[in-house]
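Enquirer: Please find final_6.txt (compact mmCIF, C-alpha atoms and all ligand atoms) on the next line:
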```txt
# COMPACT_ATOMS: atom_id res chain seq x y z
CA MET X 1 9.21 25.14 3.50
CA GLU X 2 8.96 28.77 4.61
CA ASN X 3 6.59 29.75 7.41
CA PHE X 4 3.34 31.30 6.19
CA VAL X 5 -0.23 32.20 7.16
CA PHE X 6 -3.13 30.78 5.18
CA GLU X 7 -6.91 31.16 5.57
CA TYR X 8 -9.34 28.68 4.05
CA PRO X 9 -11.78 28.77 5.96
CA THR X 10 -9.61 27.92 8.94
CA LYS X 11 -6.82 30.35 9.59
CA VAL X 12 -3.55 28.41 9.52
CA TYR X 13 -0.38 29.41 11.33
CA PHE X 14 2.49 27.29 10.09
CA GLY X 15 6.07 26.93 11.19
CA ASN X 16 8.68 26.43 13.85
CA GLY X 17 7.66 28.33 17.01
CA ALA X 18 4.13 29.06 15.76
CA VAL X 19 2.43 28.47 19.13
CA LYS X 20 4.58 31.06 20.89
CA ARG X 21 4.13 33.51 18.06
CA HIS X 22 0.42 33.17 17.33
CA LEU X 23 -1.60 31.44 20.06
CA ALA X 24 -1.96 34.48 22.34
CA GLY X 25 -3.30 36.58 19.46
CA GLU X 26 -5.99 34.00 18.74
CA LEU X 27 -6.90 33.52 22.42
CA GLY X 28 -7.58 37.24 22.69
CA LYS X 29 -10.63 36.79 20.44
CA TYR X 30 -12.46 34.51 22.90
CA GLY X 31 -13.90 34.64 26.43
CA PRO X 32 -12.10 33.62 29.62
CA THR X 33 -12.71 29.85 29.81
CA VAL X 34 -10.77 27.46 27.57
CA MET X 35 -11.21 23.70 27.45
CA LEU X 36 -7.84 22.08 26.78
CA ALA X 37 -8.56 18.81 24.95
CA TYR X 38 -5.80 16.25 24.39
CA GLY X 39 -4.96 12.58 24.08
CA GLY X 40 -3.30 9.97 26.23
CA GLY X 41 -0.44 12.07 27.54
CA SER X 42 2.20 12.45 24.81
CA ILE X 43 1.91 16.24 25.15
CA LYS X 44 2.91 15.99 28.81
CA ARG X 45 6.05 14.04 27.89
CA ASN X 46 7.28 16.17 25.00
CA GLY X 47 6.86 19.65 26.51
CA VAL X 48 3.93 20.72 24.32
CA TYR X 49 1.48 20.80 27.25
CA GLU X 50 3.72 23.12 29.27
CA GLU X 51 4.31 25.41 26.32
CA VAL X 52 0.57 25.69 25.56
CA LEU X 53 -0.40 26.05 29.22
CA SER X 54 2.10 28.85 29.77
CA VAL X 55 0.52 30.81 26.90
CA LEU X 56 -2.99 30.16 28.28
CA GLU X 57 -1.88 31.33 31.73
CA SER X 58 -0.11 34.40 30.41
CA CYS X 59 -3.40 35.32 28.71
CA GLY X 60 -5.25 34.94 32.04
CA LYS X 61 -7.43 32.06 30.85
CA LYS X 62 -9.28 29.70 33.14
CA VAL X 63 -8.29 26.26 31.88
CA VAL X 64 -10.67 23.30 31.99
CA GLU X 65 -8.98 19.98 31.22
CA PHE X 66 -10.39 17.28 28.95
CA GLY X 67 -7.67 14.64 28.53
CA GLY X 68 -7.52 10.97 27.66
CA ILE X 69 -8.93 11.20 24.14
CA MET X 70 -8.01 7.82 22.69
CA PRO X 71 -6.92 6.99 19.12
CA ASN X 72 -10.16 6.14 17.28
CA PRO X 73 -12.16 8.33 19.70
CA THR X 74 -15.45 6.93 20.92
CA TYR X 75 -18.86 8.53 21.02
CA ALA X 76 -18.90 7.97 24.79
CA LYS X 77 -15.77 10.16 25.02
CA VAL X 78 -17.58 12.85 22.99
CA GLN X 79 -20.44 12.84 25.51
CA GLU X 80 -17.96 13.12 28.40
CA GLY X 81 -16.33 16.15 26.76
CA ALA X 82 -19.67 17.77 25.92
CA ALA X 83 -20.78 17.48 29.57
CA ILE X 84 -17.55 19.15 30.76
CA ALA X 85 -17.87 21.92 28.16
CA ARG X 86 -21.50 22.58 29.10
CA GLU X 87 -20.90 22.51 32.85
CA ASN X 88 -18.04 24.99 32.59
CA LYS X 89 -19.65 27.16 29.89
CA VAL X 90 -16.40 27.09 27.93
CA ASP X 91 -15.73 29.88 25.45
CA LEU X 92 -13.20 27.98 23.33
CA ILE X 93 -12.15 24.38 22.89
CA LEU X 94 -8.43 24.07 22.18
CA ALA X 95 -7.64 20.60 20.78
CA VAL X 96 -3.96 19.67 21.06
CA GLY X 97 -3.01 16.46 19.27
CA GLY X 98 -3.70 14.58 16.08
CA GLY X 99 -6.83 13.56 14.20
CA SER X 100 -8.26 11.84 17.27
CA ALA X 101 -8.09 14.81 19.65
CA ILE X 102 -9.23 17.26 16.98
CA ASP X 103 -12.08 15.06 15.68
CA CYS X 104 -13.41 14.34 19.16
CA SER X 105 -13.27 18.06 19.98
CA LYS X 106 -15.19 18.96 16.82
CA ILE X 107 -18.14 16.80 17.82
CA VAL X 108 -17.86 17.92 21.46
CA ALA X 109 -18.10 21.53 20.20
CA LEU X 110 -21.41 20.76 18.50
CA GLN X 111 -22.86 18.40 21.12
CA ALA X 112 -22.13 20.87 23.95
CA ASN X 113 -24.62 23.36 22.51
CA PHE X 114 -27.17 20.84 21.23
CA GLU X 115 -29.92 19.44 23.44
CA GLY X 116 -30.51 16.37 21.25
CA ASP X 117 -28.06 13.66 20.24
CA VAL X 118 -25.70 14.64 17.41
CA TRP X 119 -25.26 11.05 16.14
CA GLU X 120 -29.01 10.44 15.92
CA GLU X 121 -29.66 13.85 14.40
CA GLU X 122 -27.10 13.51 11.62
CA LEU X 123 -27.02 9.80 10.84
CA GLU X 124 -30.54 8.68 11.69
CA ARG X 125 -32.64 11.82 11.07
CA HIS X 126 -30.32 13.04 8.28
CA SER X 127 -30.53 16.54 9.60
CA PHE X 128 -27.97 18.94 11.07
CA PRO X 129 -28.16 20.27 14.64
CA SER X 130 -29.43 23.84 14.39
CA VAL X 131 -26.99 25.31 16.89
CA LYS X 132 -23.70 27.15 16.68
CA PRO X 133 -20.85 24.96 17.95
CA VAL X 134 -18.50 26.19 20.66
CA PRO X 135 -15.56 27.84 18.85
CA LEU X 136 -12.67 25.46 18.24
CA GLY X 137 -8.94 25.89 17.75
CA ALA X 138 -6.42 23.13 16.98
CA ILE X 139 -2.73 22.65 17.67
CA VAL X 140 -1.42 19.75 15.61
CA THR X 141 1.14 17.40 17.18
CA VAL X 142 0.97 14.54 14.65
CA SER X 143 0.06 15.10 11.02
CA GLY X 144 -1.67 12.99 8.42
CA THR X 145 -5.44 13.21 8.73
CA GLY X 146 -5.92 16.81 7.61
CA SER X 147 -8.52 17.22 10.35
CA GLU X 148 -6.95 20.59 11.14
CA MET X 149 -8.46 22.08 7.99
CA ASN X 150 -11.89 20.54 7.63
CA GLY X 151 -15.19 20.26 9.47
CA GLY X 152 -15.54 16.49 9.70
CA GLY X 153 -14.88 14.34 12.75
CA VAL X 154 -14.50 10.55 12.63
CA ILE X 155 -15.97 8.82 15.68
CA THR X 156 -16.46 5.20 16.78
CA ASN X 157 -19.84 4.36 18.21
CA GLU X 158 -18.90 1.28 20.21
CA GLN X 159 -22.50 0.30 20.98
CA LYS X 160 -23.50 0.38 17.33
CA ARG X 161 -20.11 -0.92 16.09
CA ILE X 162 -19.85 1.85 13.53
CA LYS X 163 -16.93 4.18 12.89
CA THR X 164 -17.95 7.07 10.70
CA GLY X 165 -17.59 10.76 9.92
CA LEU X 166 -19.92 13.34 11.39
CA PHE X 167 -20.05 16.90 10.20
CA ALA X 168 -19.37 19.29 13.04
CA ALA X 169 -17.17 22.35 13.08
CA ALA X 170 -13.99 23.33 11.29
CA PRO X 171 -11.38 24.85 13.60
CA ALA X 172 -11.43 28.65 13.49
CA PHE X 173 -7.66 28.45 13.62
CA SER X 174 -5.04 25.69 13.44
CA ILE X 175 -1.43 25.92 14.49
CA LEU X 176 0.98 23.59 12.68
CA ASP X 177 4.53 23.37 14.01
CA PRO X 178 6.56 20.61 12.34
CA MET X 179 8.87 20.58 15.41
CA TYR X 180 5.94 19.26 17.48
CA THR X 181 5.95 16.09 15.36
CA MET X 182 9.58 15.23 16.18
CA SER X 183 8.58 13.06 19.16
CA VAL X 184 5.97 11.00 17.28
CA PRO X 185 6.99 7.31 17.16
CA PHE X 186 8.39 6.56 13.71
CA ALA X 187 5.75 3.95 12.85
CA GLN X 188 3.05 6.56 13.55
CA VAL X 189 4.86 9.12 11.40
CA MET X 190 4.75 6.67 8.48
CA SER X 191 1.15 5.76 9.23
CA GLY X 192 0.06 9.41 9.28
CA ALA X 193 1.94 10.21 6.07
CA PHE X 194 0.39 7.19 4.38
CA ASP X 195 -3.04 8.47 5.46
CA THR X 196 -2.22 11.66 3.57
CA LEU X 197 -1.21 9.67 0.50
CA SER X 198 -4.43 7.71 0.84
CA HIS X 199 -6.55 10.90 0.90
CA ALA X 200 -4.80 12.09 -2.24
CA MET X 201 -5.28 8.73 -4.02
CA GLU X 202 -8.92 8.45 -2.93
CA THR X 203 -9.47 11.86 -4.52
CA TYR X 204 -7.36 11.24 -7.65
CA PHE X 205 -9.08 7.97 -8.55
CA GLY X 206 -12.46 9.45 -9.20
CA TYR X 207 -14.42 11.08 -11.99
CA PRO X 208 -14.21 13.33 -13.89
CA ASP X 209 -10.95 12.25 -15.50
CA GLY X 210 -10.65 15.01 -18.09
CA ASP X 211 -7.98 17.69 -17.92
CA ASN X 212 -8.34 18.89 -14.35
CA VAL X 213 -5.99 21.13 -12.41
CA SER X 214 -7.00 19.31 -9.19
CA ASP X 215 -5.45 16.08 -10.52
CA ASP X 216 -2.27 17.93 -11.56
CA ILE X 217 -1.90 19.44 -8.09
CA ASN X 218 -2.75 16.05 -6.62
CA GLU X 219 0.12 14.37 -8.48
CA ALA X 220 2.49 16.97 -7.03
CA VAL X 221 1.15 16.31 -3.52
CA MET X 222 1.46 12.52 -3.93
CA ARG X 223 5.02 12.83 -5.22
CA SER X 224 5.87 15.13 -2.33
CA VAL X 225 4.47 12.68 0.24
CA ILE X 226 6.39 9.75 -1.27
CA ARG X 227 9.65 11.71 -1.62
CA ASN X 228 9.50 13.07 1.93
CA MET X 229 8.55 9.74 3.51
CA ARG X 230 11.68 8.39 1.84
CA VAL X 231 13.76 11.24 3.27
CA LEU X 232 12.49 10.38 6.77
CA ILE X 233 13.38 6.70 6.34
CA SER X 234 17.05 7.67 6.20
CA ASP X 235 16.89 10.93 8.20
CA SER X 236 13.92 10.82 10.57
CA GLY X 237 14.58 14.22 12.12
CA ASN X 238 14.69 16.10 8.83
CA TYR X 239 12.72 19.34 9.44
CA GLU X 240 12.16 20.10 5.78
CA ALA X 241 10.63 16.66 5.16
CA ARG X 242 8.45 16.93 8.26
CA SER X 243 7.25 20.38 7.27
CA ASN X 244 6.40 19.22 3.75
CA LEU X 245 4.50 16.23 5.12
CA MET X 246 2.62 18.45 7.56
CA TRP X 247 1.41 20.76 4.82
CA ASP X 248 0.77 17.82 2.45
CA SER X 249 -1.56 16.49 5.15
CA ALA X 250 -3.58 19.70 5.21
CA MET X 251 -3.50 20.00 1.39
CA ALA X 252 -4.90 16.51 0.91
CA GLU X 253 -7.95 17.15 3.09
CA ASN X 254 -8.67 20.87 2.95
CA GLY X 255 -10.82 20.53 -0.14
CA ILE X 256 -8.44 21.98 -2.74
CA LEU X 257 -7.65 18.62 -4.38
CA LYS X 258 -11.35 17.77 -4.44
CA ILE X 259 -12.42 20.80 -6.44
CA GLY X 260 -14.38 19.55 -9.42
CA LYS X 261 -13.97 15.89 -8.37
CA LYS X 262 -16.41 13.20 -7.26
CA THR X 263 -13.76 11.26 -5.27
CA ASP X 264 -13.75 7.59 -4.26
CA PHE X 265 -13.04 7.09 -0.49
CA GLU X 266 -14.23 3.46 -0.50
CA VAL X 267 -10.97 2.33 1.14
CA HIS X 268 -11.68 4.77 3.95
CA MET X 269 -15.15 3.33 4.39
CA MET X 270 -13.67 -0.20 4.65
CA GLU X 271 -10.92 0.89 7.05
CA HIS X 272 -13.39 2.73 9.27
CA GLN X 273 -15.48 -0.42 9.72
CA LEU X 274 -12.32 -2.47 10.24
CA GLY X 275 -11.43 0.06 12.94
CA ALA X 276 -14.87 -0.20 14.53
CA TYR X 277 -14.34 -3.96 14.98
CA THR X 278 -10.63 -4.07 15.77
CA ASP X 279 -9.53 -0.57 16.93
CA CYS X 280 -6.63 -0.85 14.46
CA ASN X 281 -4.46 2.11 13.52
CA HIS X 282 -6.07 4.16 10.72
CA GLY X 283 -3.08 4.70 8.40
CA MET X 284 -1.90 1.13 8.83
CA GLY X 285 -5.33 -0.28 8.01
CA LEU X 286 -5.36 1.83 4.85
CA ALA X 287 -1.91 0.52 3.87
CA VAL X 288 -3.18 -3.05 3.93
CA LEU X 289 -6.33 -2.32 1.94
CA HIS X 290 -5.22 0.03 -0.84
CA PRO X 291 -3.27 -2.26 -3.20
CA VAL X 292 -5.82 -5.06 -2.94
CA TYR X 293 -8.76 -2.73 -3.60
CA TYR X 294 -6.95 -1.13 -6.54
CA ARG X 295 -6.37 -4.52 -8.16
CA HIS X 296 -10.16 -4.95 -7.97
CA ILE X 297 -10.97 -1.67 -9.75
CA VAL X 298 -7.97 -1.28 -12.09
CA ARG X 299 -9.78 -2.39 -15.23
CA GLU X 300 -12.65 0.05 -14.72
CA GLY X 301 -10.26 2.96 -14.07
CA LEU X 302 -7.54 1.83 -16.47
CA ALA X 303 -6.57 5.18 -18.03
CA LYS X 304 -6.16 6.81 -14.61
CA PHE X 305 -4.12 3.90 -13.23
CA VAL X 306 -1.82 4.18 -16.28
CA ARG X 307 -1.38 7.88 -15.55
CA PHE X 308 -0.71 7.08 -11.85
CA ALA X 309 2.00 4.56 -12.80
CA LYS X 310 3.74 7.00 -15.14
CA ASN X 311 3.35 10.32 -13.33
CA VAL X 312 3.51 9.29 -9.69
CA TRP X 313 5.76 6.21 -9.71
CA ASP X 314 7.84 6.87 -12.86
CA VAL X 315 7.18 3.37 -14.18
CA PRO X 316 8.69 3.13 -17.70
CA ALA X 317 5.91 2.63 -20.26
CA GLU X 318 7.92 1.07 -23.12
CA GLY X 319 6.93 -2.43 -24.08
CA LYS X 320 3.99 -2.55 -21.66
CA THR X 321 0.31 -2.87 -22.45
CA ASP X 322 -1.92 -0.47 -20.54
CA ILE X 323 -3.03 -3.09 -18.07
CA ARG X 324 0.57 -4.21 -17.39
CA LEU X 325 1.58 -0.59 -16.84
CA ALA X 326 -1.39 0.08 -14.56
CA LEU X 327 -0.65 -3.05 -12.50
CA ALA X 328 3.02 -2.07 -12.28
CA GLY X 329 1.93 1.23 -10.69
CA ILE X 330 -0.09 -0.65 -8.07
CA ASP X 331 2.91 -2.96 -7.48
CA ALA X 332 5.07 0.13 -6.94
CA LEU X 333 2.59 1.34 -4.32
CA ALA X 334 2.65 -2.08 -2.60
CA ALA X 335 6.47 -2.12 -2.62
CA PHE X 336 6.54 1.41 -1.18
CA ILE X 337 4.24 0.31 1.67
CA LYS X 338 6.78 -2.40 2.55
CA GLU X 339 9.71 0.03 2.17
CA CYS X 340 8.05 2.28 4.79
CA GLY X 341 7.66 -0.61 7.22
CA LEU X 342 3.87 -0.42 6.97
CA PRO X 343 1.80 -3.60 7.15
CA SER X 344 0.56 -5.48 4.09
CA ARG X 345 -1.72 -8.01 5.81
CA LEU X 346 -4.60 -7.59 8.23
CA THR X 347 -2.92 -10.05 10.58
CA GLU X 348 0.04 -7.66 10.94
CA LEU X 349 -2.18 -4.91 12.40
CA LYS X 350 -2.15 -4.21 16.12
CA MET X 351 -5.65 -4.73 17.47
CA LYS X 352 -7.57 -4.64 20.72
CA ALA X 353 -7.49 -8.47 20.82
CA ARG X 354 -5.76 -11.23 18.85
CA PRO X 355 -6.40 -10.97 15.08
CA GLU X 356 -7.46 -14.66 14.95
CA GLU X 357 -10.33 -13.78 17.32
CA LEU X 358 -11.31 -10.52 15.71
CA LEU X 359 -10.97 -11.50 12.07
CA SER X 360 -12.98 -14.70 11.85
CA ASP X 361 -14.85 -15.27 8.59
CA ARG X 362 -18.02 -14.17 10.30
CA ALA X 363 -16.43 -10.93 11.56
CA LEU X 364 -15.01 -10.16 8.09
CA GLU X 365 -18.47 -10.67 6.65
CA GLU X 366 -20.00 -8.32 9.21
CA ILE X 367 -17.33 -5.70 8.51
CA ALA X 368 -17.88 -6.05 4.76
CA TYR X 369 -21.65 -5.82 4.87
CA SER X 370 -21.66 -2.89 7.31
CA THR X 371 -19.25 -0.86 5.13
CA THR X 372 -20.84 2.19 3.52
CA ILE X 373 -20.84 1.96 -0.28
CA LEU X 374 -19.98 5.30 -1.85
CA PRO X 375 -20.95 6.26 -5.41
CA GLY X 376 -17.58 7.66 -6.57
CA SER X 377 -15.65 4.40 -7.15
CA TYR X 378 -14.70 3.42 -10.72
CA LYS X 379 -16.43 0.15 -9.87
CA ARG X 380 -19.44 0.13 -7.58
CA MET X 381 -18.63 -2.14 -4.65
CA THR X 382 -20.97 -4.67 -3.06
CA GLY X 383 -20.77 -6.22 0.40
CA GLY X 384 -19.72 -9.45 -1.32
CA GLU X 385 -16.81 -7.88 -3.16
CA ILE X 386 -15.64 -6.05 -0.01
CA TYR X 387 -15.69 -9.41 1.78
CA GLU X 388 -13.46 -10.86 -0.99
CA ILE X 389 -11.09 -7.89 -0.62
CA LEU X 390 -10.85 -8.39 3.14
CA LYS X 391 -10.18 -12.12 2.68
CA GLU X 392 -7.42 -11.32 0.20
CA CYS X 393 -5.90 -8.96 2.79
CA MET X 394 -5.54 -11.75 5.36
O1 LIG X 401 -2.85 10.17 22.63
P1 LIG X 401 -1.45 10.67 22.73
O2 LIG X 401 -0.80 10.30 24.01
O3 LIG X 401 -1.32 12.11 22.40
O4 LIG X 401 -0.60 9.82 21.63
C1 LIG X 401 -0.87 9.91 20.25
C2 LIG X 401 -1.50 8.63 19.71
O5 LIG X 401 -1.13 7.52 20.47
C3 LIG X 401 0.43 9.95 19.51
N1 LIG X 401 0.98 11.30 19.35
C4 LIG X 401 0.39 12.38 18.83
N2 LIG X 401 1.25 13.41 18.79
C5 LIG X 401 2.41 12.97 19.32
C6 LIG X 401 2.23 11.64 19.68
N3 LIG X 401 3.23 10.91 20.26
C7 LIG X 401 4.41 11.53 20.45
N4 LIG X 401 4.64 12.81 20.09
C8 LIG X 401 3.67 13.57 19.53
N5 LIG X 401 3.93 14.82 19.15
O6 LIG X 401 0.12 9.44 18.20
C9 LIG X 401 -0.90 8.48 18.33
C10 LIG X 401 -1.89 8.67 17.21
O7 LIG X 401 -2.61 9.89 17.37
P2 LIG X 401 -3.99 10.08 16.61
O8 LIG X 401 -4.49 11.45 16.85
O9 LIG X 401 -4.90 8.94 16.93
O10 LIG X 401 -3.51 9.88 15.09
P3 LIG X 401 -4.05 10.48 13.75
O11 LIG X 401 -3.70 11.91 13.62
O12 LIG X 401 -3.60 9.54 12.71
O13 LIG X 401 -5.65 10.42 13.89
C11 LIG X 401 -6.36 9.25 13.60
C12 LIG X 401 -7.85 9.51 13.71
O14 LIG X 401 -8.29 10.48 12.75
C13 LIG X 401 -9.34 9.92 11.93
C14 LIG X 401 -8.98 8.45 11.92
O15 LIG X 401 -10.03 7.64 11.49
C15 LIG X 401 -8.61 8.21 13.37
O16 LIG X 401 -9.76 8.07 14.18
N6 LIG X 401 -9.42 10.61 10.64
C16 LIG X 401 -9.86 11.89 10.61
C17 LIG X 401 -10.05 12.58 9.42
C18 LIG X 401 -10.59 13.96 9.37
N7 LIG X 401 -11.16 14.49 10.42
O17 LIG X 401 -10.53 14.62 8.33
C19 LIG X 401 -9.77 11.97 8.12
C20 LIG X 401 -9.00 10.70 8.21
O18 LIG X 401 -9.25 9.94 7.04
C21 LIG X 401 -9.25 9.87 9.41
O19 LIG X 401 -10.38 9.03 9.25
ZN ZN X 402 -7.67 8.93 6.40
```
Taking this structure as input, can you express it in the form of structure tokens?

Expert:
Amino acid sequence: MENFVFEYPTKVYFGNGAVKRHLAGELGKYGPTVMLAYGGGSIKRNGVYEEVLSVLESCGKKVVEFGGIMPNPTYAKVQEGAAIARENKVDLILAVGGGSAIDCSKIVALQANFEGDVWEEELERHSFPSVKPVPLGAIVTVSGTGSEMNGGGVITNEQKRIKTGLFAAAPAFSILDPMYTMSVPFAQVMSGAFDTLSHAMETYFGYPDGDNVSDDINEAVMRSVIRNMRVLISDSGNYEARSNLMWDSAMAENGILKIGKKTDFEVHMMEHQLGAYTDCNHGMGLAVLHPVYYRHIVREGLAKFVRFAKNVWDVPAEGKTDIRLALAGIDALAAFIKECGLPSRLTELKMKARPEELLSDRALEEIAYSTTILPGSYKRMTGGEIYEILKECM
């Protein structure tokens, strides 16, 4: 993929060497104090921190550090970041990392300027904080979530045992350099890319199902994700594949595929609650849930699952009834998950404690009944059916 610049509503700088080429220009638009927000330290090991810091220093910025943002960032971490941002009157938050660092920074940006509590305001009062967030920029080091091109941030409230999306602030600019992803552990590369595929599928399987350019583009994105994940299985350092996957990630969550669509996203709701209870990896949790959920809704969305089998997985249609063809498409997805080394059972997920402790019947029931039910699914879920799905995933 060629380097390019794209604005929608975030300005995107894409390509090898993009930080050196474009960061200084963006920094010039903001005041002197920059909060550098990042995760558990990968950027200090792979040279990204030094590269970013040298640009900040060459621009004469005062740098305030906010590190240690964990995967599945917590609401407590948001409050810590908001206090630092407020205390130092930061002019820009620069998030360097993946979905976790960027999401946490989005909510920090809003909470820093809001006297109330963002969680309570949005999720309990169903209102939006009436303040302008601190401006935010993102430098992506692991792709998959698409957080770099949207305004949502997914946060775990440990006290309430809820992981959910809050609306906050889209980055004013995002810098995407596929070279920055070269040091990501391979399992995380596959997990992130599967998250992208999941976003595309969650959007594709949703009304309306008439002729819709969004679904046509979506099929191209899904095929690109699958093809390029396969390239990385045999050639993990392939720049072209990594660049395609990085832009696929943004494409799947920047809103373009959703134009004119209701979208499903029930698997995301299940995975988020699973994450709230277990702290499991997002893309890996999705990999376990997708095929099982799809076998539950295939009859209600039959025509679309037939189209998925034919157009995305190239399943031959001859001699197959529609339901056989649709199920063969879901089987192809399940086989692909295995081919990528992603987990197929909840017990294969890495968790904060042993799965036997965290996934008791009672815990599965709590996860199921605390999962948000969204209206876009071909089949409206119930807590009971989500519980069955989780049991089948064991
Ligand atoms: O924390 P560090 O040390 O940086 O390590 C990270 C982390 O352990 C590591 N990593 C990142 N870049 C690296 C690297 N390691 C080596 N080299 C690099 N260049 O990768 C690990 C995972 O990072 P994380 O940011 O947690 O991953 P991801 O981008 O998958 O983000 C997951 C979070 O995003 C949320 C998920 O729920 C989860 O909390 N999502 C956000 C969405 C959004 N805002 O639109 C949508 C998604 O559906 C998703 O829910
Ligand atoms: Zn996701």

Enquirer: So what do you get for CA of Ile217 in chain X versus CA of Phe308 in chain X, distance-wise?

Expert: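 The value is 13.0 Å.
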
Enquirer: Could you give me, as an MDAnalysis selection string, the residues within 6 Å of range 382-386 of chain X, counting only C-alpha atoms and dropping anything in the same chain fewer than 2 positions from it?

Expert: chainID X and resid 368:369 388:389

Enquirer: Could you work out how far CA of Glu266 in chain X lies from CA of Lys379 in chain X, giving the answer in Å with one decimal?

Expert: 10.2 Å

Enquirer: Kindly provide, as a ChimeraX atom specification, all nucleotide and amino acid residues lying within 8 Å of ligand ZN 402 (chain X), counting all atoms listed in the file.

Expert: /X:144-145,195-196,198-199,268,282-283,286

Enquirer: Please return as a PDB file with C-alpha atoms, in the frame of the given file every residue within 12 Å of (-17.0, 17.5, 21.7), taking into account all atoms listed in the file and the file's own coordinates.

Expert:
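Writing the result to result.pdb gives the following:
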```pdb
ATOM      1  CA  MET X  35     -11.210  23.700  27.450  1.00  0.00           C
ATOM      2  CA  LEU X  36      -7.840  22.080  26.780  1.00  0.00           C
ATOM      3  CA  ALA X  37      -8.560  18.810  24.950  1.00  0.00           C
ATOM      4  CA  TYR X  38      -5.800  16.250  24.390  1.00  0.00           C
ATOM      5  CA  PHE X  66     -10.390  17.280  28.950  1.00  0.00           C
ATOM      6  CA  GLY X  67      -7.670  14.640  28.530  1.00  0.00           C
ATOM      7  CA  ILE X  69      -8.930  11.200  24.140  1.00  0.00           C
ATOM      8  CA  PRO X  73     -12.160   8.330  19.700  1.00  0.00           C
ATOM      9  CA  THR X  74     -15.450   6.930  20.920  1.00  0.00           C
ATOM     10  CA  TYR X  75     -18.860   8.530  21.020  1.00  0.00           C
ATOM     11  CA  ALA X  76     -18.900   7.970  24.790  1.00  0.00           C
ATOM     12  CA  LYS X  77     -15.770  10.160  25.020  1.00  0.00           C
ATOM     13  CA  VAL X  78     -17.580  12.850  22.990  1.00  0.00           C
ATOM     14  CA  GLN X  79     -20.440  12.840  25.510  1.00  0.00           C
ATOM     15  CA  GLU X  80     -17.960  13.120  28.400  1.00  0.00           C
ATOM     16  CA  GLY X  81     -16.330  16.150  26.760  1.00  0.00           C
ATOM     17  CA  ALA X  82     -19.670  17.770  25.920  1.00  0.00           C
ATOM     18  CA  ALA X  83     -20.780  17.480  29.570  1.00  0.00           C
ATOM     19  CA  ILE X  84     -17.550  19.150  30.760  1.00  0.00           C
ATOM     20  CA  ALA X  85     -17.870  21.920  28.160  1.00  0.00           C
ATOM     21  CA  ARG X  86     -21.500  22.580  29.100  1.00  0.00           C
ATOM     22  CA  VAL X  90     -16.400  27.090  27.930  1.00  0.00           C
ATOM     23  CA  LEU X  92     -13.200  27.980  23.330  1.00  0.00           C
ATOM     24  CA  ILE X  93     -12.150  24.380  22.890  1.00  0.00           C
ATOM     25  CA  LEU X  94      -8.430  24.070  22.180  1.00  0.00           C
ATOM     26  CA  ALA X  95      -7.640  20.600  20.780  1.00  0.00           C
ATOM     27  CA  SER X 100      -8.260  11.840  17.270  1.00  0.00           C
ATOM     28  CA  ALA X 101      -8.090  14.810  19.650  1.00  0.00           C
ATOM     29  CA  ILE X 102      -9.230  17.260  16.980  1.00  0.00           C
ATOM     30  CA  ASP X 103     -12.080  15.060  15.680  1.00  0.00           C
ATOM     31  CA  CYS X 104     -13.410  14.340  19.160  1.00  0.00           C
ATOM     32  CA  SER X 105     -13.270  18.060  19.980  1.00  0.00           C
ATOM     33  CA  LYS X 106     -15.190  18.960  16.820  1.00  0.00           C
ATOM     34  CA  ILE X 107     -18.140  16.800  17.820  1.00  0.00           C
ATOM     35  CA  VAL X 108     -17.860  17.920  21.460  1.00  0.00           C
ATOM     36  CA  ALA X 109     -18.100  21.530  20.200  1.00  0.00           C
ATOM     37  CA  LEU X 110     -21.410  20.760  18.500  1.00  0.00           C
ATOM     38  CA  GLN X 111     -22.860  18.400  21.120  1.00  0.00           C
ATOM     39  CA  ALA X 112     -22.130  20.870  23.950  1.00  0.00           C
ATOM     40  CA  ASN X 113     -24.620  23.360  22.510  1.00  0.00           C
ATOM     41  CA  PHE X 114     -27.170  20.840  21.230  1.00  0.00           C
ATOM     42  CA  ASP X 117     -28.060  13.660  20.240  1.00  0.00           C
ATOM     43  CA  VAL X 118     -25.700  14.640  17.410  1.00  0.00           C
ATOM     44  CA  TRP X 119     -25.260  11.050  16.140  1.00  0.00           C
ATOM     45  CA  PRO X 133     -20.850  24.960  17.950  1.00  0.00           C
ATOM     46  CA  VAL X 134     -18.500  26.190  20.660  1.00  0.00           C
ATOM     47  CA  PRO X 135     -15.560  27.840  18.850  1.00  0.00           C
ATOM     48  CA  LEU X 136     -12.670  25.460  18.240  1.00  0.00           C
ATOM     49  CA  GLY X 153     -14.880  14.340  12.750  1.00  0.00           C
ATOM     50  CA  VAL X 154     -14.500  10.550  12.630  1.00  0.00           C
ATOM     51  CA  ILE X 155     -15.970   8.820  15.680  1.00  0.00           C
ATOM     52  CA  LEU X 166     -19.920  13.340  11.390  1.00  0.00           C
ATOM     53  CA  PHE X 167     -20.050  16.900  10.200  1.00  0.00           C
ATOM     54  CA  ALA X 168     -19.370  19.290  13.040  1.00  0.00           C
ATOM     55  CA  ALA X 169     -17.170  22.350  13.080  1.00  0.00           C
TER      56      ALA X 169
END
```

Enquirer: Quick one: of X:Thr278, X:Ser191, X:Thr263, X:Asn212, who's nearest to Lys338 in chain X, counting all atoms listed in the file?

Expert: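 Distance minimum relative to Lys338 in chain X lands on X:Ser191.
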
Enquirer: Hey, which of X:Leu123, X:Arg307, X:Met222, X:Met381 ends up closest to Leu325 in chain X? Count all atoms listed in the file.

Expert: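 Among X:Leu123, X:Arg307, X:Met222, X:Met381, it is X:Arg307 that comes nearest to Leu325 in chain X.
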